[in-house]
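Chemist: Contents are compact mmCIF, C-alpha atoms and all ligand atoms; file name data_12.txt:
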# COMPACT_ATOMS: atom_id res chain seq x y z
CA MET F 1 0.00 0.00 0.00
CA LYS F 2 1.36 3.38 -1.04
CA LYS F 3 1.88 6.14 1.56
CA LYS F 4 -0.71 8.36 -0.07
CA TYR F 5 -3.29 5.58 0.25
CA MET F 6 -2.39 4.94 3.84
CA LEU F 7 -3.09 8.60 4.61
CA MET F 8 -6.35 8.53 2.64
CA ALA F 9 -7.46 5.35 4.36
CA LEU F 10 -6.60 6.83 7.76
CA LEU F 11 -8.57 9.96 6.94
CA ALA F 12 -11.52 7.93 5.71
CA LEU F 13 -11.41 5.78 8.83
CA THR F 14 -11.33 8.84 11.07
CA LEU F 15 -14.23 10.41 9.20
CA SER F 16 -16.26 7.20 9.29
CA LEU F 17 -15.64 6.84 13.03
CA PHE F 18 -16.91 10.36 13.57
CA ALA F 19 -19.89 9.73 11.33
CA GLY F 20 -20.58 6.55 13.24
CA CYS F 21 -20.61 4.40 10.11
CA GLY F 22 -18.53 1.40 9.07
CA ALA F 23 -15.64 0.94 6.65
CA ILE F 24 -15.54 2.26 3.10
CA THR F 25 -18.18 0.58 0.96
CA PRO F 26 -16.94 -0.45 -2.46
CA GLU F 27 -18.92 1.15 -5.28
CA THR F 28 -20.66 -1.50 -7.36
CA ASN F 29 -21.85 0.43 -10.38
CA PRO F 30 -19.40 -0.36 -13.19
CA GLU F 31 -21.04 2.30 -15.40
CA SER F 32 -19.42 4.97 -13.28
CA SER F 33 -15.76 5.54 -12.60
CA GLU F 34 -15.11 4.85 -8.99
CA GLU F 35 -12.50 4.01 -6.51
CA TYR F 36 -12.98 0.61 -4.98
CA GLY F 37 -12.02 -0.67 -1.55
CA LYS F 38 -8.53 -0.19 -0.21
CA ALA F 39 -7.09 -3.10 1.70
CA ASP F 40 -3.86 -3.00 3.66
CA ASP F 41 -0.87 -4.60 1.89
CA SER F 42 -2.94 -4.80 -1.23
CA ILE F 43 -1.70 -4.28 -4.76
CA THR F 44 -3.04 -1.01 -6.11
CA VAL F 45 -4.28 -1.28 -9.69
CA GLY F 46 -5.61 1.49 -11.90
CA PHE F 47 -7.86 -0.04 -14.54
CA SER F 48 -8.82 2.09 -17.54
CA GLN F 49 -11.74 0.35 -19.24
CA LEU F 50 -12.59 1.79 -22.63
CA GLY F 51 -16.35 2.04 -22.24
CA ALA F 52 -19.65 0.23 -21.72
CA GLU F 53 -20.72 -0.13 -25.35
CA SER F 54 -21.72 -3.79 -25.45
CA ASP F 55 -22.66 -6.87 -23.44
CA TRP F 56 -19.18 -8.20 -24.08
CA ARG F 57 -17.78 -5.09 -22.41
CA SER F 58 -20.09 -5.40 -19.38
CA ALA F 59 -19.07 -9.05 -18.94
CA ASN F 60 -15.43 -8.04 -19.25
CA THR F 61 -15.79 -5.25 -16.67
CA ASP F 62 -17.55 -7.62 -14.24
CA SER F 63 -14.78 -10.18 -14.66
CA MET F 64 -12.09 -7.56 -14.02
CA LEU F 65 -13.85 -6.08 -10.97
CA SER F 66 -14.38 -9.44 -9.35
CA ALA F 67 -10.86 -10.73 -10.01
CA LEU F 68 -9.18 -7.51 -8.86
CA SER F 69 -11.25 -7.34 -5.70
CA GLU F 70 -10.30 -6.41 -2.17
CA ASP F 71 -10.79 -10.05 -1.12
CA ASN F 72 -8.21 -11.06 -3.70
CA GLY F 73 -5.73 -8.55 -2.31
CA TYR F 74 -6.23 -5.60 -4.64
CA SER F 75 -7.12 -1.94 -4.25
CA LEU F 76 -8.75 -1.19 -7.56
CA ILE F 77 -9.28 2.23 -9.08
CA TYR F 78 -11.66 1.78 -12.00
CA LYS F 79 -12.23 4.37 -14.72
CA ASN F 80 -14.70 4.08 -17.57
CA GLY F 81 -13.34 5.90 -20.64
CA GLN F 82 -16.78 6.29 -22.29
CA GLN F 83 -15.31 5.15 -25.65
CA LYS F 84 -12.94 8.15 -25.75
CA GLN F 85 -9.21 7.73 -25.88
CA ALA F 86 -8.70 11.22 -24.37
CA ASN F 87 -10.54 10.06 -21.21
CA GLN F 88 -8.32 7.00 -21.03
CA ILE F 89 -5.16 9.09 -21.33
CA THR F 90 -6.41 11.32 -18.51
CA ALA F 91 -7.16 8.22 -16.42
CA ILE F 92 -3.65 6.88 -16.92
CA ARG F 93 -2.11 10.22 -15.93
CA THR F 94 -4.24 10.20 -12.79
CA PHE F 95 -3.12 6.66 -11.98
CA ILE F 96 0.51 7.77 -12.37
CA GLN F 97 -0.10 10.67 -9.96
CA GLN F 98 -1.74 8.28 -7.53
CA GLU F 99 1.36 6.09 -7.70
CA VAL F 100 -0.54 2.89 -8.39
CA ASP F 101 1.43 -0.36 -8.48
CA TYR F 102 0.04 -1.47 -11.87
CA ILE F 103 -1.91 0.08 -14.72
CA VAL F 104 -4.30 -2.15 -16.65
CA LEU F 105 -5.45 -0.69 -19.94
CA ALA F 106 -8.19 -1.87 -22.29
CA PRO F 107 -7.42 0.58 -25.12
CA ALA F 108 -10.21 1.97 -27.31
CA THR F 109 -7.98 2.32 -30.35
CA GLU F 110 -4.56 1.03 -31.34
CA SER F 111 -2.81 4.31 -32.11
CA GLY F 112 -1.84 7.30 -29.99
CA TRP F 113 -0.48 5.67 -26.82
CA GLU F 114 3.26 6.34 -27.12
CA THR F 115 3.48 9.45 -24.95
CA VAL F 116 1.32 8.39 -22.04
CA LEU F 117 2.77 4.88 -21.88
CA ALA F 118 6.25 6.40 -21.86
CA GLU F 119 5.12 8.49 -18.88
CA ALA F 120 4.01 5.32 -17.09
CA ARG F 121 7.33 3.68 -17.82
CA GLU F 122 9.16 6.77 -16.59
CA ALA F 123 7.21 6.43 -13.34
CA GLY F 124 8.21 2.76 -13.14
CA ILE F 125 4.62 1.47 -13.30
CA PRO F 126 4.11 -1.74 -15.31
CA VAL F 127 1.26 -1.58 -17.84
CA ILE F 128 -0.80 -4.65 -18.69
CA LEU F 129 -2.96 -4.49 -21.80
CA VAL F 130 -6.23 -6.36 -21.87
CA ASP F 131 -8.56 -7.15 -24.80
CA ARG F 132 -7.40 -4.77 -27.55
CA ARG F 133 -3.85 -3.79 -28.31
CA VAL F 134 -1.74 -0.68 -28.93
CA ASN F 135 0.54 -0.30 -31.94
CA THR F 136 3.50 1.46 -30.32
CA SER F 137 6.77 0.78 -32.13
CA ASP F 138 8.38 0.07 -28.75
CA LYS F 139 6.69 -3.04 -27.39
CA ASN F 140 8.45 -2.53 -24.07
CA LEU F 141 6.07 0.31 -23.28
CA TYR F 142 3.85 -2.43 -21.84
CA SER F 143 4.64 -5.61 -19.95
CA CYS F 144 2.17 -7.96 -21.60
CA TRP F 145 -1.21 -8.34 -23.23
CA VAL F 146 -4.08 -10.80 -22.89
CA GLY F 147 -7.00 -11.10 -25.30
CA SER F 148 -8.35 -12.70 -28.45
CA ASP F 149 -6.86 -13.22 -31.88
CA PHE F 150 -9.39 -11.06 -33.72
CA GLU F 151 -8.12 -11.74 -37.21
CA LEU F 152 -8.33 -15.45 -36.50
CA GLU F 153 -11.93 -14.94 -35.35
CA GLY F 154 -12.65 -13.28 -38.71
CA GLN F 155 -10.85 -16.04 -40.60
CA LYS F 156 -12.84 -18.71 -38.76
CA MET F 157 -16.09 -16.92 -39.58
CA ALA F 158 -15.11 -16.58 -43.23
CA ALA F 159 -14.22 -20.29 -43.29
CA TRP F 160 -17.65 -21.06 -41.87
CA ILE F 161 -19.42 -18.89 -44.50
CA LYS F 162 -17.43 -20.64 -47.24
CA ALA F 163 -18.10 -24.16 -45.94
CA PHE F 164 -21.78 -23.47 -45.34
CA THR F 165 -22.53 -21.78 -48.67
CA GLU F 166 -20.50 -24.31 -50.68
CA GLU F 167 -22.42 -27.09 -48.98
CA LYS F 168 -25.66 -25.40 -50.11
CA GLY F 169 -24.33 -25.08 -53.66
CA ILE F 170 -24.29 -21.26 -53.63
CA ALA F 171 -21.78 -19.77 -56.07
CA ALA F 172 -19.14 -17.44 -54.62
CA GLN F 173 -20.14 -14.53 -56.86
CA ASP F 174 -23.72 -14.81 -55.60
CA LEU F 175 -22.71 -13.79 -52.08
CA HIS F 176 -23.40 -10.07 -51.59
CA ILE F 177 -21.94 -9.21 -48.24
CA VAL F 178 -21.96 -6.09 -46.09
CA ASN F 179 -19.73 -5.68 -43.08
CA ILE F 180 -21.05 -3.67 -40.13
CA GLN F 181 -17.76 -2.95 -38.48
CA GLY F 182 -16.81 -2.27 -34.89
CA SER F 183 -15.27 0.97 -33.61
CA GLU F 184 -12.79 2.17 -36.20
CA GLY F 185 -9.15 1.62 -35.39
CA SER F 186 -9.80 -0.85 -32.57
CA THR F 187 -7.95 -4.16 -32.69
CA ALA F 188 -11.25 -6.08 -32.76
CA GLN F 189 -12.42 -4.09 -35.80
CA ILE F 190 -9.09 -4.26 -37.63
CA GLY F 191 -8.72 -8.03 -37.20
CA ARG F 192 -12.31 -9.02 -37.96
CA THR F 193 -12.44 -6.70 -40.99
CA ARG F 194 -9.19 -8.10 -42.33
CA GLY F 195 -10.38 -11.69 -41.87
CA LEU F 196 -13.44 -11.05 -44.04
CA ALA F 197 -11.80 -8.77 -46.61
CA ASN F 198 -9.02 -11.27 -47.35
CA ALA F 199 -11.50 -14.14 -47.65
CA ALA F 200 -13.76 -12.08 -49.94
CA ARG F 201 -10.79 -11.34 -52.18
CA ASP F 202 -9.57 -14.95 -52.18
CA ASN F 203 -13.00 -16.50 -52.76
CA GLY F 204 -14.41 -13.94 -55.19
CA TRP F 205 -17.24 -12.84 -52.86
CA ASP F 206 -18.96 -9.52 -53.53
CA LEU F 207 -18.10 -7.41 -50.47
CA ARG F 208 -20.53 -4.53 -51.01
CA ALA F 209 -19.69 -2.19 -48.12
CA GLU F 210 -17.80 -1.86 -44.87
CA ILE F 211 -19.34 0.68 -42.48
CA SER F 212 -18.74 1.16 -38.78
CA GLY F 213 -21.59 0.62 -36.34
CA ASP F 214 -19.32 1.41 -33.36
CA PHE F 215 -20.15 -1.90 -31.65
CA THR F 216 -23.55 -0.62 -30.44
CA GLU F 217 -27.06 -1.91 -31.08
CA ASN F 218 -28.40 1.52 -32.10
CA ARG F 219 -25.69 2.20 -34.63
CA GLY F 220 -26.06 -1.36 -35.97
CA ARG F 221 -29.75 -0.65 -36.57
CA GLU F 222 -29.06 2.71 -38.27
CA VAL F 223 -26.26 1.41 -40.48
CA MET F 224 -28.33 -1.61 -41.59
CA ALA F 225 -31.35 0.54 -42.40
CA ALA F 226 -29.14 2.78 -44.56
CA LEU F 227 -27.51 -0.20 -46.29
CA LEU F 228 -30.90 -1.69 -47.18
CA LYS F 229 -31.80 1.57 -48.91
CA ARG F 230 -28.52 1.58 -50.83
CA PHE F 231 -28.40 -2.07 -51.99
CA ASP F 232 -31.23 -4.42 -52.85
CA ASP F 233 -29.24 -7.65 -53.14
CA ILE F 234 -27.56 -7.97 -49.72
CA ASN F 235 -27.74 -11.60 -48.62
CA VAL F 236 -25.03 -11.82 -45.93
CA VAL F 237 -24.52 -9.36 -43.07
CA TYR F 238 -21.25 -9.77 -41.21
CA CYS F 239 -21.69 -7.93 -37.91
CA GLU F 240 -18.53 -7.42 -35.91
CA ASN F 241 -20.42 -7.93 -32.65
CA ASP F 242 -23.72 -9.31 -31.37
CA ASN F 243 -25.15 -5.99 -30.24
CA MET F 244 -24.90 -4.59 -33.77
CA ALA F 245 -26.38 -7.86 -35.10
CA ILE F 246 -29.43 -7.40 -32.85
CA GLY F 247 -29.86 -3.85 -34.20
CA ALA F 248 -29.34 -5.02 -37.79
CA ILE F 249 -31.92 -7.80 -37.44
CA ASP F 250 -34.40 -5.25 -36.15
CA ALA F 251 -33.76 -3.01 -39.17
CA ILE F 252 -34.10 -5.92 -41.62
CA GLU F 253 -37.36 -7.12 -40.08
CA SER F 254 -38.72 -3.56 -39.94
CA ALA F 255 -38.01 -3.32 -43.68
CA GLY F 256 -40.24 -6.38 -44.16
CA LYS F 257 -37.40 -8.81 -44.93
CA LYS F 258 -36.54 -12.11 -43.29
CA VAL F 259 -33.30 -13.11 -41.61
CA GLY F 260 -32.02 -16.68 -41.89
CA SER F 261 -29.57 -18.92 -43.65
CA ASN F 262 -31.86 -19.76 -46.57
CA ILE F 263 -30.44 -17.12 -48.85
CA GLN F 264 -31.57 -18.95 -51.98
CA LYS F 265 -35.12 -18.21 -50.78
CA GLY F 266 -34.39 -14.51 -50.21
CA GLU F 267 -33.42 -14.62 -46.55
CA ILE F 268 -30.59 -12.42 -45.30
CA MET F 269 -27.97 -14.39 -43.42
CA ILE F 270 -26.55 -12.80 -40.27
CA VAL F 271 -23.23 -13.77 -38.73
CA SER F 272 -21.67 -12.08 -35.72
CA PHE F 273 -19.10 -12.13 -32.94
CA ASP F 274 -19.01 -12.45 -29.13
CA GLY F 275 -21.55 -15.06 -27.94
CA VAL F 276 -22.06 -13.25 -24.64
CA ASN F 277 -25.44 -11.56 -25.05
CA GLU F 278 -28.30 -13.99 -24.20
CA THR F 279 -30.63 -12.56 -26.86
CA ALA F 280 -27.99 -13.11 -29.53
CA LEU F 281 -27.39 -16.68 -28.38
CA GLU F 282 -31.14 -17.28 -28.45
CA TYR F 283 -31.28 -15.81 -31.98
CA ALA F 284 -28.50 -18.21 -32.95
CA ARG F 285 -30.42 -21.16 -31.51
CA GLU F 286 -33.49 -20.08 -33.52
CA GLY F 287 -31.42 -19.59 -36.69
CA LYS F 288 -31.89 -15.80 -36.88
CA ILE F 289 -28.14 -15.52 -36.47
CA SER F 290 -26.51 -18.28 -38.49
CA CYS F 291 -23.12 -18.33 -36.80
CA ILE F 292 -21.42 -16.53 -33.90
CA ALA F 293 -17.65 -16.49 -33.44
CA GLU F 294 -17.02 -16.71 -29.73
CA CYS F 295 -15.05 -13.88 -28.13
CA ASN F 296 -14.19 -14.63 -24.53
CA PRO F 297 -14.49 -11.62 -22.17
CA LEU F 298 -13.44 -13.29 -18.91
CA HIS F 299 -9.99 -11.76 -18.65
CA GLY F 300 -10.06 -10.74 -14.97
CA PRO F 301 -8.41 -13.90 -13.57
CA ARG F 302 -5.92 -13.90 -16.47
CA VAL F 303 -4.86 -10.34 -15.68
CA SER F 304 -4.57 -11.21 -12.00
CA THR F 305 -2.32 -14.18 -12.84
CA LEU F 306 -0.08 -11.90 -14.91
CA ILE F 307 0.13 -9.32 -12.11
CA ARG F 308 1.08 -12.05 -9.63
CA ALA F 309 3.77 -13.32 -12.00
CA ILE F 310 5.28 -9.85 -12.36
CA GLU F 311 4.98 -9.32 -8.61
CA ASN F 312 6.83 -12.58 -7.88
CA GLY F 313 9.42 -12.19 -10.62
CA ALA F 314 8.04 -15.37 -12.23
CA PRO F 315 8.17 -15.89 -16.01
CA TYR F 316 5.15 -14.93 -18.11
CA GLN F 317 4.30 -14.66 -21.80
CA LYS F 318 4.25 -11.24 -23.45
CA PHE F 319 1.24 -12.05 -25.65
CA ASN F 320 -1.48 -14.28 -24.21
CA TYR F 321 -4.22 -15.55 -26.52
CA VAL F 322 -7.42 -17.25 -25.43
CA ASP F 323 -8.98 -20.24 -27.22
CA GLU F 324 -12.35 -19.70 -28.87
CA LYS F 325 -14.85 -21.60 -30.98
CA LEU F 326 -17.86 -20.97 -33.21
CA PHE F 327 -21.53 -21.35 -32.26
CA SER F 328 -24.04 -22.36 -34.91
CA ALA F 329 -27.32 -24.23 -34.89
CA GLU F 330 -26.73 -25.15 -38.56
CA LEU F 331 -25.72 -28.79 -38.39
CA SER F 332 -23.97 -29.03 -41.75
CA VAL F 333 -20.67 -27.52 -40.62
CA LYS F 334 -19.02 -29.31 -37.70
CA GLU F 335 -15.61 -27.70 -37.88
CA VAL F 336 -13.67 -25.13 -39.87
CA SER F 337 -10.02 -24.95 -40.84
CA VAL F 338 -7.75 -21.93 -40.90
CA GLY F 339 -4.30 -22.78 -42.18
CA ASP F 340 -3.36 -26.14 -40.69
CA THR F 341 -5.57 -25.81 -37.64
CA THR F 342 -9.11 -27.06 -37.22
CA TYR F 343 -11.58 -25.32 -34.92
CA PRO F 344 -14.79 -26.82 -33.56
CA VAL F 345 -18.27 -25.51 -34.34
CA ASP F 346 -20.50 -25.93 -31.31
CA ASN F 347 -23.96 -26.92 -32.61
CA ASP F 348 -25.45 -27.39 -29.16
CA PHE F 349 -25.05 -24.30 -26.97
O1 LIG S 1 -16.28 -7.91 -29.50
C1 LIG S 1 -17.35 -5.93 -28.75
C2 LIG S 1 -16.86 -4.87 -27.84
O2 LIG S 1 -12.79 -5.53 -28.10
C3 LIG S 1 -13.40 -7.82 -28.10
O3 LIG S 1 -15.48 -4.78 -28.13
C4 LIG S 1 -13.82 -6.44 -27.86
C5 LIG S 1 -15.04 -6.01 -28.64
C6 LIG S 1 -16.25 -6.91 -28.55
O4 LIG S 1 -17.52 -3.74 -27.84
O5 LIG S 1 -18.60 -6.39 -28.42
Since I need it in another form, could you write the structure as structure tokens?

Modeler:
Amino acid sequence: MKKKYMLMALLALTLSLFAGCGAITPETNPESSEEYGKADDSITVGFSQLGAESDWRSANTDSMLSALSEDNGYSLIYKNGQQKQANQITAIRTFIQQEVDYIVLAPATESGWETVLAEAREAGIPVILVDRRVNTSDKNLYSCWVGSDFELEGQKMAAWIKAFTEEKGIAAQDLHIVNIQGSEGSTAQIGRTRGLANAARDNGWDLRAEISGDFTENRGREVMAALLKRFDDINVVYCENDNMAIGAIDAIESAGKKVGSNIQKGEIMIVSFDGVNETALEYAREGKISCIAECNPLHGPRVSTLIRAIENGAPYQKFNYVDEKLFSAELSVKEVSVGDTTYPVDNDF
């Protein structure tokens, strides 16, 4: 525990004694930026979460808050960046002033982190990246990263689309795809977009448009409504997360069209990413979403393990990837291959 915290805790204790109330109550609303409990001898962590834009993000925040809890020996300072990099940079500077032991950063975008991460290094505070990545030329500006291989997720989804449509006898040039992308410049967007774009080029698919829906349901709805006005032959919608897929489905149904995998009969096939939101999983069971590429948000314990390794001088990997599969109620595709590796398709979820 840092000196500053000791003084703050002492002050809080004195005040609470005078007020006749108990110890500091940890704030439990992850929507707000709050300081959590401060335990003696605990490891102080400043966590800059990028926002609260999706169900994936809420699950990720919950996982982080419960793993970095007071009971587990942490004093957590949590800041929600509201999807703005400037807020995250301010949060990191505050953490540096507060002399935290570790900074955990879930960066909104990949670029623009050089200066502030150099400031953290100058202050001797290790930075752990979670979920998305930063593209600093100096990789020593952070200790390690844990998250998903987003391009691989896109490649697996493209492999599923290929296997499924070939099985149905649909010609490559008859696929008219739109991509509703995630927040521009985020690792999840860059990787998933690349996975589809490369497959479209290699397979001769007609990739009609790539437009950002910022990972939110509302933007997904708006973007899909606009795309339906622009093109009348869309038969595959690749949504870079489930929340946008839910919005897109709403827009398609409101336009009097049907979602489903039977594109030869005029249905519009939806595929998406995450597999966290219950409505999206239910849609996938019903066939409204034809395939979901899993994206695992439960990074809290993984980050805690990395902090403990650094703390104990134990070895740890710089880049830590999590294993993920596909979910689809379509029984025809049981597995997909990317390169030499085969990935399972879970038909019963
Ligand atoms: O897929 C999306 C969220 O970076 C993996 O961000 C994350 C993505 C996730 O908003 O739902």

Chemist: Just give me the gap between CA of Arg132 in chain F and CA of Ala59 in chain F in Å, one decimal is fine.

Modeler: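 Computed distance, CA of Arg132 in chain F to CA of Ala59 in chain F, equals 15.1 Å.
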
Chemist: Quick one: residues within 7 Å of ligand LIG 1 (chain S), with all atoms listed in the file, as an MDAnalysis selection string?

Modeler: chainID F and resid 53:57 131:132 187:188 215 240:243 273:274 295

Chemist: Would you please work out which residue, of F:Ala158, F:Ile268, F:Val100, F:Val146, is nearest to Ile252 in chain F when using all atoms listed in the file?

Modeler: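 Smallest distance to Ile252 in chain F is found for F:Ile268.
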
Chemist: With all atoms listed in the file as the atoms that count, which of F:Asn87, F:Gln317, F:Gln49, F:Thr94 lies nearest to Trp145 in chain F?

Modeler: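 Of F:Asn87, F:Gln317, F:Gln49, F:Thr94, the one nearest Trp145 in chain F is F:Gln317, counting all atoms listed in the file.
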
Chemist: Write out as JSON lines the residues of range 130-203 of chain F that have any atom within 8 Å of an atom of range 119-126 of chain F, one row each with the nearest atom pair and its distance in Å to one decimal, counting all atoms listed in the file, sorted by chain and then rising number.

Modeler:
{"residue": "F:Leu141", "atom": "CA", "partner": "F:Arg121", "partner_atom": "CA", "distance": 6.5}
{"residue": "F:Tyr142", "atom": "CA", "partner": "F:Pro126", "partner_atom": "CA", "distance": 6.6}
{"residue": "F:Ser143", "atom": "CA", "partner": "F:Pro126", "partner_atom": "CA", "distance": 6.1}

Chemist: Restricting the output to C-alpha atoms, write the selected residues as a short mmCIF file (atom, residue, chain, number, x, y, z; two decimals), in the frame of the given file.

Modeler:
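Output saved as result_20.cif:
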data_model
loop_
_atom_site.label_atom_id
_atom_site.label_comp_id
_atom_site.auth_asym_id
_atom_site.auth_seq_id
_atom_site.Cartn_x
_atom_site.Cartn_y
_atom_site.Cartn_z
CA LEU F 141 6.07 0.31 -23.28
CA TYR F 142 3.85 -2.43 -21.84
CA SER F 143 4.64 -5.61 -19.95
#

Chemist: Quick one: everything within 7 Å of Leu175 in chain F, counting all atoms listed in the file, minus sequence neighbours fewer than 4 positions away in the same chain. Send it as a list in words.

Modeler: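 Once the adjacent positions are removed, what remains is Trp205, Asp206, Asn235 and Val236 of chain F.
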
Chemist: In the coordinates of the file, take the point (-11.2, -17.9, -46.4) and a cut-off of 10 Å; then, counting only C-alpha atoms, name each qualifying protein, DNA or RNA residue as a ChimeraX atom specification.

Modeler: /F:154-163,195-203,337-339

Chemist: Excluding Ser137 in chain F and any residue of its chain fewer than 3 positions from it, enumerate the residues within 12 Å of it, using only C-alpha atoms, and give them as a list in words.

Modeler: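 Here the qualifying residues turn out to be Glu110, Ser111, Gly112, Trp113, Glu114, Thr115, Leu117, Ala118, Val134, Asn140, Leu141 and Tyr142 of chain F.
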
Chemist: Can you work out the spacing between CA of Val276 in chain F and CA of Thr305 in chain F in Å, to one decimal?

Modeler: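 Taking CA of Val276 in chain F as the start and CA of Thr305 in chain F as the end point, the length is 23.0 Å.
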